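Report on the following structure.
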Amino acid sequence: MSQPGRGEKPGLAGIAAAGLAVVCCAAGPLLFAWVGSVAVGALVGLGAGLAVLAVAVALLYMRRRSSTDKQASR
C-alpha cells in the first residue's frame, strides 16, 4: 500500500534541488565566462599598455640620442 499524500506534490527538497540545478547549470557557466572575458580583457589591456610604453621609451631614447649626436658633432 502507498501512503496517501506522498509523491503528489513536489516537496521543499525537490524545489531546492531544481533551484540548485538552475544555478549550477545555467548561471555558473555564465559567471565563469564573464570572469574569463574580464581576465582576457585585462591581459590584452596590460599588453597594449606595455607596448605603448616600450614605443614611447624607444622614441624618447632615439630623440635624446639624436640631439646628443648633433651637439657632439659641433
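Naming works like this for the C-alpha cells: A, B, ... for the chains as they're shown, residue 1 at the start of each chain, ligands 1 onward in shown order.
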Exercise for review: Run DSSP on the backbone of this structure and report the residues of chain A it assigns to helix (DSSP H, G or I), as a PyMOL selection string.
Suggested key: chain A and resi 12-73
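Coordinates place CA of Gly14 (chain A) at a distance of 17.8 Å from CA of Ala26 (chain A).
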